[in-house]
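Coordinates from model.cif are shown below (mmCIF, C-alpha atoms).
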data_final
loop_
_atom_site.label_atom_id
_atom_site.label_comp_id
_atom_site.auth_asym_id
_atom_site.auth_seq_id
_atom_site.Cartn_x
_atom_site.Cartn_y
_atom_site.Cartn_z
CA MET Y 1 0.00 0.00 0.00
CA LYS Y 2 1.39 3.41 -1.02
CA ILE Y 3 0.64 6.59 0.91
CA ASN Y 4 0.86 9.80 -1.11
CA LEU Y 5 1.31 12.80 1.15
CA ILE Y 6 2.26 15.12 -1.70
CA ALA Y 7 0.24 14.97 -4.89
CA GLU Y 8 3.16 15.81 -7.16
CA PRO Y 9 6.93 15.97 -6.72
CA ILE Y 10 8.48 19.26 -5.67
CA SER Y 11 10.52 20.98 -8.37
CA TRP Y 12 13.33 22.10 -6.07
CA ILE Y 13 15.42 23.85 -8.71
CA THR Y 14 12.92 24.92 -11.37
CA VAL Y 15 10.38 26.81 -9.24
CA PRO Y 16 11.74 30.12 -7.88
CA VAL Y 17 10.21 29.77 -4.39
CA TRP Y 18 11.62 26.28 -3.90
CA ALA Y 19 15.00 27.25 -5.38
CA LYS Y 20 15.27 30.05 -2.82
CA MET Y 21 14.32 27.58 -0.09
CA VAL Y 22 17.12 25.25 -1.23
CA PHE Y 23 19.64 28.07 -0.85
CA PHE Y 24 18.19 29.14 2.49
CA LEU Y 25 18.63 25.61 3.81
CA ALA Y 26 22.10 25.21 2.28
CA ILE Y 27 23.38 28.50 3.69
CA THR Y 28 21.89 27.77 7.10
CA TRP Y 29 23.53 24.33 7.10
CA ARG Y 30 26.86 25.81 5.97
CA TRP Y 31 27.12 28.57 8.58
CA THR Y 32 25.42 27.06 11.63
CA GLY Y 33 28.43 25.04 12.73
CA TYR Y 34 30.81 27.91 12.10
CA ASN Y 35 28.78 30.32 14.23
CA MET Y 36 28.12 27.67 16.87
CA VAL Y 37 31.84 27.41 17.63
CA PHE Y 38 31.84 31.09 18.60
CA TYR Y 39 28.70 30.79 20.72
CA LEU Y 40 29.99 27.72 22.54
CA SER Y 41 33.30 29.39 23.30
CA GLY Y 42 31.43 32.45 24.56
CA LEU Y 43 29.23 30.32 26.80
CA GLN Y 44 32.30 28.59 28.24
CA GLY Y 45 33.76 32.00 29.02
CA ILE Y 46 30.90 32.92 31.36
CA ASP Y 47 31.92 32.20 34.94
CA ASP Y 48 29.70 29.72 36.80
CA SER Y 49 29.79 31.87 39.93
CA ILE Y 50 27.62 34.45 38.15
CA TYR Y 51 24.90 31.85 37.62
CA GLU Y 52 25.31 30.60 41.20
CA ALA Y 53 24.82 34.14 42.51
CA ALA Y 54 21.68 34.45 40.38
CA ASP Y 55 20.41 31.16 41.80
CA ILE Y 56 20.95 32.46 45.33
CA ASP Y 57 19.03 35.62 44.41
CA GLY Y 58 16.16 33.44 43.19
CA ALA Y 59 16.42 34.14 39.46
CA GLY Y 60 14.67 31.72 37.13
CA ALA Y 61 16.07 30.23 33.95
CA PHE Y 62 14.60 32.90 31.68
CA GLU Y 63 15.80 35.71 33.93
CA LYS Y 64 19.34 34.27 33.97
CA PHE Y 65 19.28 33.97 30.20
CA LYS Y 66 18.01 37.52 29.74
CA SER Y 67 20.17 39.19 32.37
CA ILE Y 68 23.39 37.16 32.26
CA THR Y 69 23.78 35.03 29.13
CA LEU Y 70 22.63 37.50 26.48
CA PRO Y 71 24.63 40.49 27.77
CA MET Y 72 27.76 38.36 28.13
CA LEU Y 73 27.33 37.01 24.58
CA LYS Y 74 26.65 40.43 23.06
CA PRO Y 75 30.14 40.79 21.46
CA ILE Y 76 29.85 37.33 19.92
CA ILE Y 77 26.35 38.01 18.65
CA LEU Y 78 27.63 41.23 17.09
CA PHE Y 79 30.59 39.45 15.50
CA THR Y 80 28.47 36.65 14.02
CA THR Y 81 25.81 39.02 12.65
CA ILE Y 82 28.43 41.18 10.94
CA ASN Y 83 30.16 38.10 9.52
CA SER Y 84 26.82 36.72 8.34
CA THR Y 85 25.94 40.01 6.66
CA ILE Y 86 29.26 40.12 4.85
CA GLY Y 87 28.97 36.44 3.91
CA THR Y 88 25.47 36.96 2.53
CA LEU Y 89 26.58 39.85 0.35
CA GLN Y 90 29.52 37.77 -0.94
CA LEU Y 91 27.43 34.65 -1.64
CA PHE Y 92 28.44 33.16 -4.98
CA ASP Y 93 29.36 29.47 -4.95
CA GLU Y 94 26.04 27.90 -4.09
CA THR Y 95 23.95 29.78 -6.62
CA MET Y 96 26.52 29.43 -9.37
CA ASN Y 97 26.96 25.68 -8.88
CA ILE Y 98 23.31 24.76 -8.40
CA THR Y 99 21.20 27.08 -10.59
CA GLN Y 100 23.52 29.63 -12.24
CA GLY Y 101 21.10 32.28 -10.93
CA GLY Y 102 17.99 30.70 -12.40
CA PRO Y 103 15.13 30.05 -12.72
CA ALA Y 104 14.46 33.40 -14.36
CA ASN Y 105 17.24 35.09 -12.31
CA ALA Y 106 15.32 34.33 -9.10
CA THR Y 107 18.41 33.14 -7.23
CA ILE Y 108 21.03 35.50 -8.61
CA THR Y 109 23.21 37.17 -5.99
CA ILE Y 110 25.14 40.44 -6.08
CA SER Y 111 28.44 38.63 -6.51
CA GLN Y 112 27.03 36.56 -9.34
CA TYR Y 113 25.66 39.73 -10.94
CA ILE Y 114 29.17 41.21 -10.92
CA TYR Y 115 30.54 37.95 -12.36
CA ASN Y 116 27.94 38.07 -15.16
CA ILE Y 117 28.87 41.68 -15.95
CA LEU Y 118 32.55 40.76 -16.18
CA PHE Y 119 32.54 37.36 -17.85
CA LYS Y 120 29.12 36.32 -19.17
CA TYR Y 121 27.86 39.42 -20.93
CA SER Y 122 29.92 42.07 -22.67
CA PRO Y 123 32.74 42.92 -20.24
CA ASP Y 124 32.08 46.24 -18.53
CA PHE Y 125 34.87 46.54 -16.00
CA GLY Y 126 33.99 50.07 -14.94
CA TYR Y 127 30.39 49.23 -14.10
CA ALA Y 128 31.42 46.03 -12.30
CA ALA Y 129 33.97 47.97 -10.24
CA ALA Y 130 31.32 50.56 -9.39
CA VAL Y 131 28.90 47.85 -8.24
CA SER Y 132 31.71 46.31 -6.18
CA TYR Y 133 32.39 49.63 -4.46
CA VAL Y 134 28.69 50.01 -3.72
CA ILE Y 135 28.79 46.61 -2.02
CA VAL Y 136 31.80 47.69 0.04
CA VAL Y 137 29.94 50.83 1.12
CA MET Y 138 26.86 48.73 1.96
CA ILE Y 139 28.99 46.41 4.11
CA VAL Y 140 30.57 49.36 5.92
CA VAL Y 141 27.20 51.04 6.54
CA LEU Y 142 25.49 47.83 7.68
CA SER Y 143 28.44 46.94 9.93
CA PHE Y 144 28.40 50.44 11.42
CA ILE Y 145 24.66 50.18 12.09
CA GLN Y 146 25.11 46.77 13.69
CA MET Y 147 27.96 48.08 15.83
CA LYS Y 148 25.84 51.02 17.03
CA VAL Y 149 22.82 48.84 17.75
CA GLY Y 150 24.96 46.22 19.50
CA ASP Y 151 26.93 48.81 21.48
CA LYS Y 152 23.96 50.13 23.44
CA ASN Y 153 24.43 49.68 27.15
CA ASP Y 154 21.36 48.13 28.74
#

Represent the structure from my file as structure tokens, please.
Amino acid sequence: MKINLIAEPISWITVPVWAKMVFFLAITWRWTGYNMVFYLSGLQGIDDSIYEAADIDGAGAFEKFKSITLPMLKPIILFTTINSTIGTLQLFDETMNITQGGPANATITISQYIYNILFKYSPDFGYAAAVSYVIVVMIVVLSFIQMKVGDKND
């Protein structure tokens, strides 16, 4: 006996919504372990006596997380969000190897757009350099915003 939960197979690469989902899952899988190393090292750097003092004061698990863990991990959270932002703007390999930006340019990234300007279409080095500088400015502005938001003293 065969049970059909889905009426038709999912077109993972040919439907834009599913192609974006493939990249979302691939990027999440790729960077989760990398970021987790930083979070685990940050958690190991928090002294147990701080949690013991909170226990003596009667703090619950959520209160300890909100008042101790998150503030102590703030520099690591800031570092990983800035790295993730930069990594997202530099994303090239996955889209190029899986869909080449398709279907219908739904999965094209900024880096792949620059690559297409330089090597796929008529080479326009000036325009590609200008787009690259815009990306650098975007990274600097987004990193500055993240630093200011993450630097607030609570």

Using Å and a single decimal, report how far atom CA of Met36 of chain Y sits from atom CA of Asp48 of chain Y.
20.1 Å

Mind pulling up the distance from atom CA of Ile86 of chain Y to atom CA of Val140 of chain Y?
9.4 Å

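Comparing the minimum interatomic distances between Gly126 of chain Y and each of Y:Val22, Y:Ile114, Y:Ile10, Y:Phe92, counting all atoms listed in the file, we find that Y:Ile114 sits nearest.
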
List as a Markdown table every residue of segment 24-113 of chain Y that is in contact with segment 145-148 of chain Y, defined as an atom at most 10 Å from one of its atoms (using all atoms listed in the file), together with the nearest atom pair and the distance in Å rounded to one decimal, sorted by chain and then rising number.
| residue | atom | partner | partner_atom | distance |
| --- | --- | --- | --- | --- |
| Y:Pro75 | CA | Y:Met147 | CA | 9.5 |
| Y:Leu78 | CA | Y:Gln146 | CA | 7.0 |
| Y:Phe79 | CA | Y:Met147 | CA | 9.0 |
| Y:Thr81 | CA | Y:Gln146 | CA | 7.9 |
| Y:Ile82 | CA | Y:Gln146 | CA | 7.1 |
| Y:Thr85 | CA | Y:Gln146 | CA | 9.8 |

Residue neighbourhood Ile108 of chain Y, 10 Å, all atoms listed in the file, exclusion window fewer than 4 positions, as an MDAnalysis selection string:
chainID Y and resid 20 91:92 95:96 99:104 112:113 116

Near Ile117 of chain Y, counting all atoms listed in the file, which residues have an atom at most 12 Å away, once you skip same-chain residues fewer than 3 positions from it, shown as a count of residues only?
18

Measuring between all atoms listed in the file, which one of Y:Val149, Y:Ile98, Y:Leu142, Y:Val134 shows the shortest distance to Ala19 of chain Y?
Y:Ile98

Please rebuild segment 12-30 of chain Y with N, CA, C and O atoms and return the result as a compact mmCIF listing (two decimals), in the coordinates of the input.
# COMPACT_ATOMS: atom_id res chain seq x y z
N TRP Y 12 12.45 21.34 -6.96
CA TRP Y 12 13.33 22.10 -6.07
C TRP Y 12 14.13 23.17 -6.80
O TRP Y 12 14.40 24.22 -6.25
N ILE Y 13 14.53 22.92 -8.02
CA ILE Y 13 15.42 23.85 -8.71
C ILE Y 13 14.70 24.68 -9.77
O ILE Y 13 15.15 25.76 -10.12
N THR Y 14 13.58 24.23 -10.27
CA THR Y 14 12.92 24.92 -11.37
C THR Y 14 11.84 25.91 -10.96
O THR Y 14 11.42 26.72 -11.78
N VAL Y 15 11.38 25.86 -9.73
CA VAL Y 15 10.38 26.81 -9.24
C VAL Y 15 11.11 27.81 -8.34
O VAL Y 15 11.82 27.43 -7.42
N PRO Y 16 10.97 29.12 -8.62
CA PRO Y 16 11.74 30.12 -7.88
C PRO Y 16 11.60 30.04 -6.36
O PRO Y 16 12.58 30.18 -5.64
N VAL Y 17 10.40 29.82 -5.84
CA VAL Y 17 10.21 29.77 -4.39
C VAL Y 17 10.99 28.61 -3.79
O VAL Y 17 11.67 28.76 -2.77
N TRP Y 18 10.91 27.44 -4.43
CA TRP Y 18 11.62 26.28 -3.90
C TRP Y 18 13.13 26.42 -4.09
O TRP Y 18 13.91 25.95 -3.24
N ALA Y 19 13.57 27.03 -5.17
CA ALA Y 19 15.00 27.25 -5.38
C ALA Y 19 15.57 28.15 -4.28
O ALA Y 19 16.66 27.90 -3.76
N LYS Y 20 14.82 29.19 -3.93
CA LYS Y 20 15.27 30.05 -2.82
C LYS Y 20 15.30 29.29 -1.51
O LYS Y 20 16.20 29.50 -0.69
N MET Y 21 14.35 28.39 -1.31
CA MET Y 21 14.32 27.58 -0.09
C MET Y 21 15.53 26.65 -0.04
O MET Y 21 16.11 26.44 1.03
N VAL Y 22 15.93 26.10 -1.18
CA VAL Y 22 17.12 25.25 -1.23
C VAL Y 22 18.34 26.04 -0.77
O VAL Y 22 19.15 25.55 0.04
N PHE Y 23 18.49 27.27 -1.24
CA PHE Y 23 19.64 28.07 -0.85
C PHE Y 23 19.55 28.51 0.61
O PHE Y 23 20.56 28.55 1.30
N PHE Y 24 18.37 28.80 1.08
CA PHE Y 24 18.19 29.14 2.49
C PHE Y 24 18.66 27.99 3.37
O PHE Y 24 19.40 28.18 4.33
N LEU Y 25 18.23 26.79 3.03
CA LEU Y 25 18.63 25.61 3.81
C LEU Y 25 20.12 25.34 3.69
O LEU Y 25 20.78 25.00 4.68
N ALA Y 26 20.67 25.47 2.49
CA ALA Y 26 22.10 25.21 2.28
C ALA Y 26 22.97 26.21 3.04
O ALA Y 26 23.96 25.83 3.67
N ILE Y 27 22.60 27.48 3.00
CA ILE Y 27 23.38 28.50 3.69
C ILE Y 27 23.27 28.32 5.20
O ILE Y 27 24.27 28.45 5.93
N THR Y 28 22.07 28.01 5.67
CA THR Y 28 21.89 27.77 7.10
C THR Y 28 22.74 26.59 7.54
O THR Y 28 23.44 26.65 8.56
N TRP Y 29 22.73 25.51 6.77
CA TRP Y 29 23.53 24.33 7.10
C TRP Y 29 25.02 24.68 7.08
O TRP Y 29 25.78 24.24 7.93
N ARG Y 30 25.44 25.47 6.13
CA ARG Y 30 26.86 25.81 5.97
C ARG Y 30 27.38 26.64 7.13
O ARG Y 30 28.49 26.42 7.61
